[in-house]
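Below: data_23.pdb (PDB, C-alpha atoms and all ligand atoms)
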ATOM      1  CA  MET A   1      18.411   7.288  10.238
ATOM      2  CA  THR A   2      17.572   5.411   7.089
ATOM      3  CA  GLN A   3      17.685   2.159   9.032
ATOM      4  CA  GLN A   4      15.129   3.508  11.503
ATOM      5  CA  ASN A   5      13.029   4.821   8.603
ATOM      6  CA  LEU A   6      13.023   1.338   7.057
ATOM      7  CA  VAL A   7      11.879  -0.099  10.385
ATOM      8  CA  ASN A   8       9.113   2.528  10.605
ATOM      9  CA  ALA A   9       8.074   1.883   7.006
ATOM     10  CA  PHE A  10       7.993  -1.862   7.673
ATOM     11  CA  GLY A  11       5.745  -1.181  10.687
ATOM     12  CA  GLY A  12       3.486   1.179   8.759
ATOM     13  CA  GLU A  13       3.050  -1.138   5.795
ATOM     14  CA  SER A  14       2.469  -4.128   8.067
ATOM     15  CA  MET A  15      -0.320  -2.301   9.876
ATOM     16  CA  ALA A  16      -1.790  -1.058   6.596
ATOM     17  CA  HIS A  17      -1.837  -4.642   5.315
ATOM     18  CA  MET A  18      -3.667  -5.896   8.385
ATOM     19  CA  ARG A  19      -6.095  -2.965   8.542
ATOM     20  CA  TYR A  20      -7.096  -3.381   4.907
ATOM     21  CA  ARG A  21      -7.625  -7.125   5.333
ATOM     22  CA  HIS A  22     -10.054  -6.405   8.174
ATOM     23  CA  PHE A  23     -11.674  -3.573   6.215
ATOM     24  CA  ALA A  24     -12.264  -6.110   3.432
ATOM     25  CA  TYR A  25     -14.229  -8.345   5.803
ATOM     26  CA  THR A  26     -16.375  -5.403   6.881
ATOM     27  CA  ALA A  27     -16.985  -4.357   3.265
ATOM     28  CA  GLU A  28     -17.962  -7.920   2.358
ATOM     29  CA  ARG A  29     -20.409  -8.049   5.264
ATOM     30  CA  GLU A  30     -21.962  -4.743   4.202
ATOM     31  CA  GLY A  31     -22.426  -6.032   0.649
ATOM     32  CA  PHE A  32     -19.673  -3.961  -1.000
ATOM     33  CA  THR A  33     -18.058  -6.859  -2.842
ATOM     34  CA  ASN A  34     -15.864  -4.750  -5.112
ATOM     35  CA  VAL A  35     -14.697  -2.521  -2.283
ATOM     36  CA  ALA A  36     -13.735  -5.704  -0.424
ATOM     37  CA  ARG A  37     -11.744  -6.868  -3.445
ATOM     38  CA  LEU A  38     -10.056  -3.476  -3.660
ATOM     39  CA  PHE A  39      -9.074  -3.652   0.027
ATOM     40  CA  ARG A  40      -7.681  -7.161  -0.467
ATOM     41  CA  ALA A  41      -5.647  -6.134  -3.521
ATOM     42  CA  ILE A  42      -4.227  -3.058  -1.802
ATOM     43  CA  ALA A  43      -3.530  -5.071   1.368
ATOM     44  CA  HIS A  44      -1.449  -7.387  -0.799
ATOM     45  CA  ALA A  45       0.491  -4.426  -2.224
ATOM     46  CA  GLU A  46       1.260  -3.223   1.330
ATOM     47  CA  PHE A  47       2.464  -6.731   2.201
ATOM     48  CA  ILE A  48       4.884  -6.514  -0.732
ATOM     49  CA  HIS A  49       6.083  -3.070   0.372
ATOM     50  CA  ALA A  50       6.668  -4.334   3.908
ATOM     51  CA  GLY A  51       8.689  -7.240   2.491
ATOM     52  CA  ASP A  52      10.756  -4.922   0.276
ATOM     53  CA  HIS A  53      11.615  -2.709   3.272
ATOM     54  CA  TYR A  54      12.267  -5.788   5.405
ATOM     55  CA  ARG A  55      14.814  -7.170   2.959
ATOM     56  CA  GLU A  56      16.673  -3.843   3.022
ATOM     57  CA  LEU A  57      17.148  -4.384   6.773
ATOM     58  CA  LYS A  58      19.409  -7.397   6.239
ATOM     59  CA  HIS A  59      22.279  -5.694   8.094
ATOM     60  CA  LEU A  60      20.236  -5.215  11.225
ATOM     61  CA  GLU A  61      21.908  -7.349  13.864
ATOM     62  CA  GLU A  62      19.393  -7.352  16.667
ATOM     63  CA  GLY A  63      15.636  -7.411  16.827
ATOM     64  CA  ILE A  64      14.005  -4.014  16.833
ATOM     65  CA  VAL A  65      10.477  -2.858  17.633
ATOM     66  CA  ALA A  66       8.539  -1.482  14.689
ATOM     67  CA  ASN A  67       5.748   0.984  15.371
ATOM     68  CA  SER A  68       2.912   1.329  12.956
ATOM     69  CA  MET A  69       2.612   5.151  12.842
ATOM     70  CA  GLY A  70      -0.940   4.839  11.545
ATOM     71  CA  ALA A  71      -3.986   5.724  13.637
ATOM     72  CA  PHE A  72      -6.262   2.786  14.243
ATOM     73  CA  ALA A  73     -10.020   2.896  14.431
ATOM     74  CA  ILE A  74     -12.932   0.588  13.732
ATOM     75  CA  GLY A  75     -15.797   1.708  11.575
ATOM     76  CA  ASP A  76     -18.119   0.983   8.715
ATOM     77  CA  THR A  77     -16.867   0.809   5.148
ATOM     78  CA  LEU A  78     -17.242   4.516   4.433
ATOM     79  CA  LYS A  79     -15.221   5.380   7.513
ATOM     80  CA  ASN A  80     -12.665   2.678   6.696
ATOM     81  CA  ILE A  81     -12.130   4.061   3.205
ATOM     82  CA  GLY A  82     -11.563   7.478   4.797
ATOM     83  CA  LEU A  83      -8.949   5.958   7.111
ATOM     84  CA  GLY A  84      -7.316   4.369   4.076
ATOM     85  CA  ILE A  85      -7.200   7.703   2.245
ATOM     86  CA  ALA A  86      -5.754   9.443   5.312
ATOM     87  CA  GLY A  87      -3.019   6.807   5.639
ATOM     88  CA  GLU A  88      -2.099   6.914   1.965
ATOM     89  CA  THR A  89      -2.082  10.732   1.992
ATOM     90  CA  PHE A  90       0.305  10.824   4.943
ATOM     91  CA  GLU A  91       2.638   8.407   3.179
ATOM     92  CA  ILE A  92       2.506  10.365  -0.095
ATOM     93  CA  ASN A  93       2.867  13.887   1.290
ATOM     94  CA  GLU A  94       5.058  13.403   4.322
ATOM     95  CA  MET A  95       6.506  10.032   5.154
ATOM     96  CA  TYR A  96       8.009   8.712   1.929
ATOM     97  CA  PRO A  97       9.261  12.064   0.556
ATOM     98  CA  VAL A  98      11.189  12.649   3.799
ATOM     99  CA  TYR A  99      12.500   9.066   3.877
ATOM    100  CA  ILE A 100      13.608   9.305   0.237
ATOM    101  CA  GLN A 101      15.476  12.586   0.769
ATOM    102  CA  THR A 102      17.218  11.178   3.849
ATOM    103  CA  ALA A 103      18.160   7.920   2.108
ATOM    104  CA  LYS A 104      19.525   9.865  -0.895
ATOM    105  CA  PHE A 105      21.591  12.056   1.422
ATOM    106  CA  GLN A 106      22.945   8.921   3.104
ATOM    107  CA  LYS A 107      23.547   7.226  -0.261
ATOM    108  CA  GLU A 108      21.382   4.261   0.709
ATOM    109  CA  ASP A 109      20.409   3.314  -2.823
ATOM    110  CA  GLY A 110      18.462   0.179  -1.921
ATOM    111  CA  ALA A 111      16.313   2.100   0.549
ATOM    112  CA  VAL A 112      15.756   4.931  -1.957
ATOM    113  CA  ARG A 113      14.457   2.306  -4.369
ATOM    114  CA  THR A 114      11.995   0.602  -1.994
ATOM    115  CA  PHE A 115      10.736   3.969  -0.688
ATOM    116  CA  GLU A 116      10.190   5.208  -4.259
ATOM    117  CA  TRP A 117       8.381   1.992  -5.221
ATOM    118  CA  ALA A 118       6.054   2.475  -2.257
ATOM    119  CA  LEU A 119       5.504   6.207  -2.882
ATOM    120  CA  ASN A 120       4.509   5.612  -6.508
ATOM    121  CA  THR A 121       2.129   2.844  -5.488
ATOM    122  CA  GLU A 122       0.441   4.794  -2.682
ATOM    123  CA  LYS A 123      -0.580   7.450  -5.203
ATOM    124  CA  GLN A 124      -2.554   4.782  -7.095
ATOM    125  CA  HIS A 125      -4.052   3.472  -3.859
ATOM    126  CA  LYS A 126      -5.293   6.921  -2.942
ATOM    127  CA  LYS A 127      -6.988   7.355  -6.342
ATOM    128  CA  LEU A 128      -8.658   3.952  -6.108
ATOM    129  CA  TYR A 129      -9.922   4.668  -2.586
ATOM    130  CA  GLU A 130     -11.270   8.041  -3.679
ATOM    131  CA  LYS A 131     -13.208   6.313  -6.429
ATOM    132  CA  ALA A 132     -14.565   3.813  -3.881
ATOM    133  CA  GLU A 133     -15.485   6.599  -1.473
ATOM    134  CA  GLU A 134     -17.561   8.377  -4.103
ATOM    135  CA  ALA A 135     -19.601   5.222  -4.754
ATOM    136  CA  VAL A 136     -20.050   4.183  -1.116
ATOM    137  CA  LYS A 137     -21.175   7.708  -0.151
ATOM    138  CA  GLU A 138     -24.118   7.131  -2.496
ATOM    139  CA  GLY A 139     -24.716   3.703  -0.983
ATOM    140  CA  ASN A 140     -23.329   1.884  -4.028
ATOM    141  CA  ASP A 141     -20.560  -0.620  -4.515
ATOM    142  CA  VAL A 142     -17.649   0.729  -6.553
ATOM    143  CA  ASN A 143     -17.385  -0.188 -10.196
ATOM    144  CA  VAL A 144     -13.828  -1.477 -10.634
ATOM    145  CA  ASP A 145     -12.262  -3.680 -13.254
ATOM    146  CA  SER A 146      -9.604  -6.304 -12.387
ATOM    147  CA  ILE A 147      -6.959  -4.983 -10.029
ATOM    148  CA  GLN A 148      -3.373  -5.987 -10.795
ATOM    149  CA  VAL A 149      -0.578  -5.975  -8.219
ATOM    150  CA  CYS A 150       3.126  -6.261  -9.103
ATOM    151  CA  GLU A 151       4.775  -8.881  -6.884
ATOM    152  CA  VAL A 152       8.113  -7.059  -7.035
ATOM    153  CA  CYS A 153       7.277  -3.435  -6.193
ATOM    154  CA  GLY A 154       3.595  -3.592  -5.200
ATOM    155  CA  TYR A 155       2.486  -1.296  -8.016
ATOM    156  CA  THR A 156      -1.302  -1.447  -8.273
ATOM    157  CA  LEU A 157      -3.424  -0.684 -11.284
ATOM    158  CA  GLU A 158      -6.916  -1.224 -12.591
ATOM    159  CA  GLY A 159      -7.481  -3.065 -15.887
ATOM    160  CA  GLU A 160      -5.294  -5.359 -17.971
ATOM    161  CA  ILE A 161      -1.885  -6.605 -16.831
ATOM    162  CA  PRO A 162       0.753  -4.433 -18.541
ATOM    163  CA  GLU A 163       3.584  -6.023 -20.544
ATOM    164  CA  GLU A 164       5.990  -4.483 -18.080
ATOM    165  CA  CYS A 165       5.546  -2.877 -14.665
ATOM    166  CA  PRO A 166       5.785   0.915 -15.213
ATOM    167  CA  ILE A 167       7.582   1.318 -11.882
ATOM    168  CA  CYS A 168      10.068  -1.563 -11.547
ATOM    169  CA  GLY A 169      10.085  -3.096 -15.041
ATOM    170  CA  ALA A 170       8.953  -6.565 -13.870
ATOM    171  CA  LYS A 171       7.448  -8.719 -16.619
ATOM    172  CA  LYS A 172       3.792  -9.624 -17.080
ATOM    173  CA  ASP A 173       4.043 -12.942 -15.192
ATOM    174  CA  LYS A 174       4.999 -11.105 -11.993
ATOM    175  CA  PHE A 175       1.513  -9.679 -11.553
ATOM    176  CA  THR A 176      -1.245 -11.061  -9.340
ATOM    177  CA  SER A 177      -4.839 -10.330 -10.375
ATOM    178  CA  PHE A 178      -7.733  -9.597  -8.056
ATOM    179  CA  GLU A 179     -10.923 -10.089 -10.021
TER     180      GLU A 179
HETATM  181 FE    FE A 201      -0.974   1.989  -0.050
HETATM  182 FE    FE A 202       6.640  -3.493 -10.228
END
Show how you would write the structure in this file as structure tokens.
Amino acid sequence: MTQQNLVNAFGGESMAHMRYRHFAYTAEREGFTNVARLFRAIAHAEFIHAGDHYRELKHLEEGIVANSMGAFAIGDTLKNIGLGIAGETFEINEMYPVYIQTAKFQKEDGAVRTFEWALNTEKQHKKLYEKAEEAVKEGNDVNVDSIQVCEVCGYTLEGEIPEECPICGAKKDKFTSFE
């Protein structure tokens, strides 16, 4: 089951990555430069999550089809932020908690770790999107500082690069800045 959950998580994160990259183009076109930067930063975090899940699938012998789970729609930036919030909320409240419990039960420590890294990150993504939604609802771009993404676990935060990643302990030089 954990193997299938890793495949599903890889699919979900891959789709999230691609959706957010496209949402960034739309935001740019609509003049929301900071929202576009936020989408690009979070897309990068989802790429890292997908890669972390992918590497846990090293024992998979044959190719397997990964579904994305996420609903897909095309809209303006306000709608796209809403889709982002819905996706993150599903991952926070349902998907990752269930995957983590299952992986713990099956003593799949590596999978527990990548699922927990993703869960902790998605909570930050949701907060950042909620902030963006508030601004865009009023017709404004969001006011965000530099966004930092940990290259190891995907953790995403606004502001200065921390000395150490609060989630995985990676050092300062493992962060990528979106400014
Ligand atoms: Fe996310
Ligand atoms: Fe990290």
> Mind telling me what the PyMOL selection byres (((chain A and resi 97) around 12) and not hetatm) catches here, as a ChimeraX atom specification?
Replying inline: /A:5,89-96,98-104,112,115-120,122
Include C-alpha atoms and write out the residues we just selected as a short mmCIF file (atom, residue, chain, number, x, y, z; two decimals), keeping the file's coordinate frame.
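The resulting file, again13.cif, is shown below:
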data_model
loop_
_atom_site.label_atom_id
_atom_site.label_comp_id
_atom_site.auth_asym_id
_atom_site.auth_seq_id
_atom_site.Cartn_x
_atom_site.Cartn_y
_atom_site.Cartn_z
CA ASN A 5 13.03 4.82 8.60
CA THR A 89 -2.08 10.73 1.99
CA PHE A 90 0.30 10.82 4.94
CA GLU A 91 2.64 8.41 3.18
CA ILE A 92 2.51 10.36 -0.10
CA ASN A 93 2.87 13.89 1.29
CA GLU A 94 5.06 13.40 4.32
CA MET A 95 6.51 10.03 5.15
CA TYR A 96 8.01 8.71 1.93
CA VAL A 98 11.19 12.65 3.80
CA TYR A 99 12.50 9.07 3.88
CA ILE A 100 13.61 9.30 0.24
CA GLN A 101 15.48 12.59 0.77
CA THR A 102 17.22 11.18 3.85
CA ALA A 103 18.16 7.92 2.11
CA LYS A 104 19.52 9.86 -0.90
CA VAL A 112 15.76 4.93 -1.96
CA PHE A 115 10.74 3.97 -0.69
CA GLU A 116 10.19 5.21 -4.26
CA TRP A 117 8.38 1.99 -5.22
CA ALA A 118 6.05 2.48 -2.26
CA LEU A 119 5.50 6.21 -2.88
CA ASN A 120 4.51 5.61 -6.51
CA GLU A 122 0.44 4.79 -2.68
#
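The space between CA of Glu108 in chain A and CA of Gln3 in chain A spans 9.3 Å.
Evaluated against the shown file, the PyMOL selection byres (((not hetatm)) within 9 of (chain A and resi 202)) gives Trp117, Val149, Cys150, Glu151, Val152, Cys153, Gly154, Tyr155, Thr156, Glu164, Cys165, Pro166, Ile167, Cys168, Gly169, Ala170, Lys171, Lys174 and Phe175 of chain A.
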> Hey, which of A:Gly75, A:Gly87, A:Gly63, A:Gly31 ends up closest to ligand FE 201 (chain A)? Count only C-alpha atoms and all ligand atoms.
Replying inline: A:Gly87
> To one decimal place, how far is CA of Glu88 in chain A from CA of Phe23 in chain A in Å?
Replying inline: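 It comes out at 14.8 Å.
This file, filtered with the PyMOL selection byres (((not hetatm)) within 8 of (chain A and resi 201)), gives the residues A:Glu13, A:Ala16, A:Ile42, A:Ala43, A:Ala45, A:Glu46, A:Gly84, A:Gly87, A:Glu88, A:Ala118, A:Thr121, A:Glu122, A:Lys123, A:Gln124, A:His125, A:Lys126.
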> Which is closest to Asp76 in chain A among A:Leu157, A:Ala111, A:Ala9, A:Ala27, if we use only C-alpha atoms?
Replying inline: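 The answer is A:Ala27, which sits nearest to Asp76 in chain A.
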Take every atom of range 115-122 of chain A listed in the file, fit an axis-aligned box around them, add 4 Å per side, and give the centre and edge lengths in Å to one decimal as JSON.
{"center_x": 5.6, "center_y": 4.1, "center_z": -3.6, "size_x": 18.3, "size_y": 12.2, "size_z": 13.8}
> Using only C-alpha atoms, can you list as a PyMOL selection string the residues within 9 Å of (-14.7, -2.5, 1.8)?
Replying inline: chain A and resi 20+22-40+76-78+80-81+132+141
>> I'd like the interatomic distance between CA of Glu179 in chain A and CA of His44 in chain A, to a tenth of an Å.
In response: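 Computing the Euclidean distance for CA of Glu179 in chain A and CA of His44 in chain A yields 13.5 Å.
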> Any idea what's packed within 12 Å of Ser14 in chain A, counting all atoms listed in the file, ignoring anything in its chain fewer than 2 positions away? Could you give it as a ChimeraX atom specification?
Replying inline: /A:6-12,16-21,42-54,66-70
Just range 26-135 of chain A, please, as a tab-separated table (two decimals), in the first residue's frame (only C-alpha atoms).
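Output contents, as saved in decode_28.tsv:
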chain	number	residue	atom	x	y	z
A	26	THR	CA	-1.34	33.57	-15.92
A	27	ALA	CA	-0.51	35.67	-12.84
A	28	GLU	CA	2.35	37.34	-14.71
A	29	ARG	CA	0.04	38.17	-17.61
A	30	GLU	CA	-2.54	39.65	-15.24
A	31	GLY	CA	0.12	41.85	-13.63
A	32	PHE	CA	0.39	39.96	-10.32
A	33	THR	CA	4.18	39.71	-10.32
A	34	ASN	CA	4.54	38.60	-6.71
A	35	VAL	CA	1.78	36.01	-7.01
A	36	ALA	CA	3.64	34.66	-10.05
A	37	ARG	CA	6.83	34.44	-8.01
A	38	LEU	CA	4.95	32.67	-5.22
A	39	PHE	CA	3.55	30.12	-7.70
A	40	ARG	CA	7.03	29.52	-9.12
A	41	ALA	CA	8.56	29.03	-5.67
A	42	ILE	CA	5.83	26.64	-4.56
A	43	ALA	CA	6.00	24.79	-7.90
A	44	HIS	CA	9.68	24.22	-7.16
A	45	ALA	CA	8.85	22.84	-3.70
A	46	GLU	CA	6.37	20.39	-5.28
A	47	PHE	CA	9.07	19.32	-7.74
A	48	ILE	CA	11.32	18.52	-4.77
A	49	HIS	CA	8.53	16.57	-3.05
A	50	ALA	CA	7.90	14.56	-6.22
A	51	GLY	CA	11.62	13.77	-6.41
A	52	ASP	CA	11.74	12.71	-2.75
A	53	HIS	CA	8.80	10.32	-3.26
A	54	TYR	CA	10.32	9.11	-6.53
A	55	ARG	CA	13.59	8.15	-4.87
A	56	GLU	CA	11.68	6.12	-2.28
A	57	LEU	CA	10.33	4.03	-5.18
A	58	LYS	CA	13.77	2.62	-6.00
A	59	HIS	CA	12.56	-0.95	-5.42
A	60	LEU	CA	9.82	-0.66	-7.99
A	61	GLU	CA	10.72	-3.11	-10.72
A	62	GLU	CA	8.35	-2.19	-13.50
A	63	GLY	CA	6.92	1.05	-14.77
A	64	ILE	CA	3.69	2.10	-13.14
A	65	VAL	CA	1.08	4.70	-14.05
A	66	ALA	CA	0.82	7.61	-11.64
A	67	ASN	CA	-2.47	9.47	-11.43
A	68	SER	CA	-2.54	13.05	-10.32
A	69	MET	CA	-5.54	12.93	-7.94
A	70	GLY	CA	-5.95	16.69	-8.26
A	71	ALA	CA	-8.84	18.30	-10.12
A	72	PHE	CA	-7.73	20.36	-13.08
A	73	ALA	CA	-9.30	23.56	-14.27
A	74	ILE	CA	-8.23	26.71	-16.08
A	75	GLY	CA	-9.05	30.10	-14.68
A	76	ASP	CA	-7.87	33.54	-13.77
A	77	THR	CA	-5.43	34.11	-10.93
A	78	LEU	CA	-8.06	34.35	-8.21
A	79	LYS	CA	-9.57	31.05	-9.28
A	80	ASN	CA	-6.11	29.49	-9.62
A	81	ILE	CA	-5.18	30.48	-6.08
A	82	GLY	CA	-8.43	28.86	-4.92
A	83	LEU	CA	-7.49	25.66	-6.76
A	84	GLY	CA	-4.09	25.80	-5.08
A	85	ILE	CA	-5.67	26.17	-1.64
A	86	ALA	CA	-8.07	23.29	-2.33
A	87	GLY	CA	-5.19	21.03	-3.39
A	88	GLU	CA	-3.03	21.91	-0.40
A	89	THR	CA	-5.99	21.45	1.97
A	90	PHE	CA	-6.70	17.98	0.61
A	91	GLU	CA	-3.06	17.01	1.07
A	92	ILE	CA	-2.93	18.42	4.62
A	93	ASN	CA	-6.23	17.07	5.93
A	94	GLU	CA	-6.61	13.79	4.10
A	95	MET	CA	-3.90	12.51	1.82
A	96	TYR	CA	-0.66	12.83	3.77
A	97	PRO	CA	-2.07	11.99	7.23
A	98	VAL	CA	-3.49	8.73	5.83
A	99	TYR	CA	-0.28	7.94	3.93
A	100	ILE	CA	1.83	8.62	7.03
A	101	GLN	CA	-0.29	6.36	9.26
A	102	THR	CA	-0.15	3.57	6.68
A	103	ALA	CA	3.62	3.91	6.18
A	104	LYS	CA	4.17	3.88	9.97
A	105	PHE	CA	2.05	0.74	10.29
A	106	GLN	CA	4.10	-0.87	7.52
A	107	LYS	CA	7.37	0.34	9.06
A	108	GLU	CA	8.36	2.13	5.86
A	109	ASP	CA	10.55	4.73	7.53
A	110	GLY	CA	11.79	6.38	4.33
A	111	ALA	CA	8.23	6.91	3.11
A	112	VAL	CA	7.14	8.24	6.52
A	113	ARG	CA	9.93	10.79	6.23
A	114	THR	CA	9.11	12.05	2.72
A	115	PHE	CA	5.37	12.18	3.50
A	116	GLU	CA	6.05	14.17	6.69
A	117	TRP	CA	8.36	16.56	4.83
A	118	ALA	CA	5.60	17.19	2.30
A	119	LEU	CA	2.83	17.54	4.92
A	120	ASN	CA	4.80	20.16	6.87
A	121	THR	CA	5.53	22.09	3.69
A	122	GLU	CA	1.95	22.06	2.38
A	123	LYS	CA	0.82	23.82	5.55
A	124	GLN	CA	3.13	26.74	4.66
A	125	HIS	CA	1.91	26.70	1.06
A	126	LYS	CA	-1.68	26.98	2.18
A	127	LYS	CA	-0.89	30.00	4.40
A	128	LEU	CA	1.00	31.74	1.60
A	129	TYR	CA	-1.84	31.14	-0.87
A	130	GLU	CA	-4.38	32.46	1.63
A	131	LYS	CA	-2.34	35.63	1.95
A	132	ALA	CA	-2.23	35.92	-1.86
A	133	GLU	CA	-5.97	35.31	-2.12
A	134	GLU	CA	-6.75	38.15	0.26
A	135	ALA	CA	-4.73	40.60	-1.85
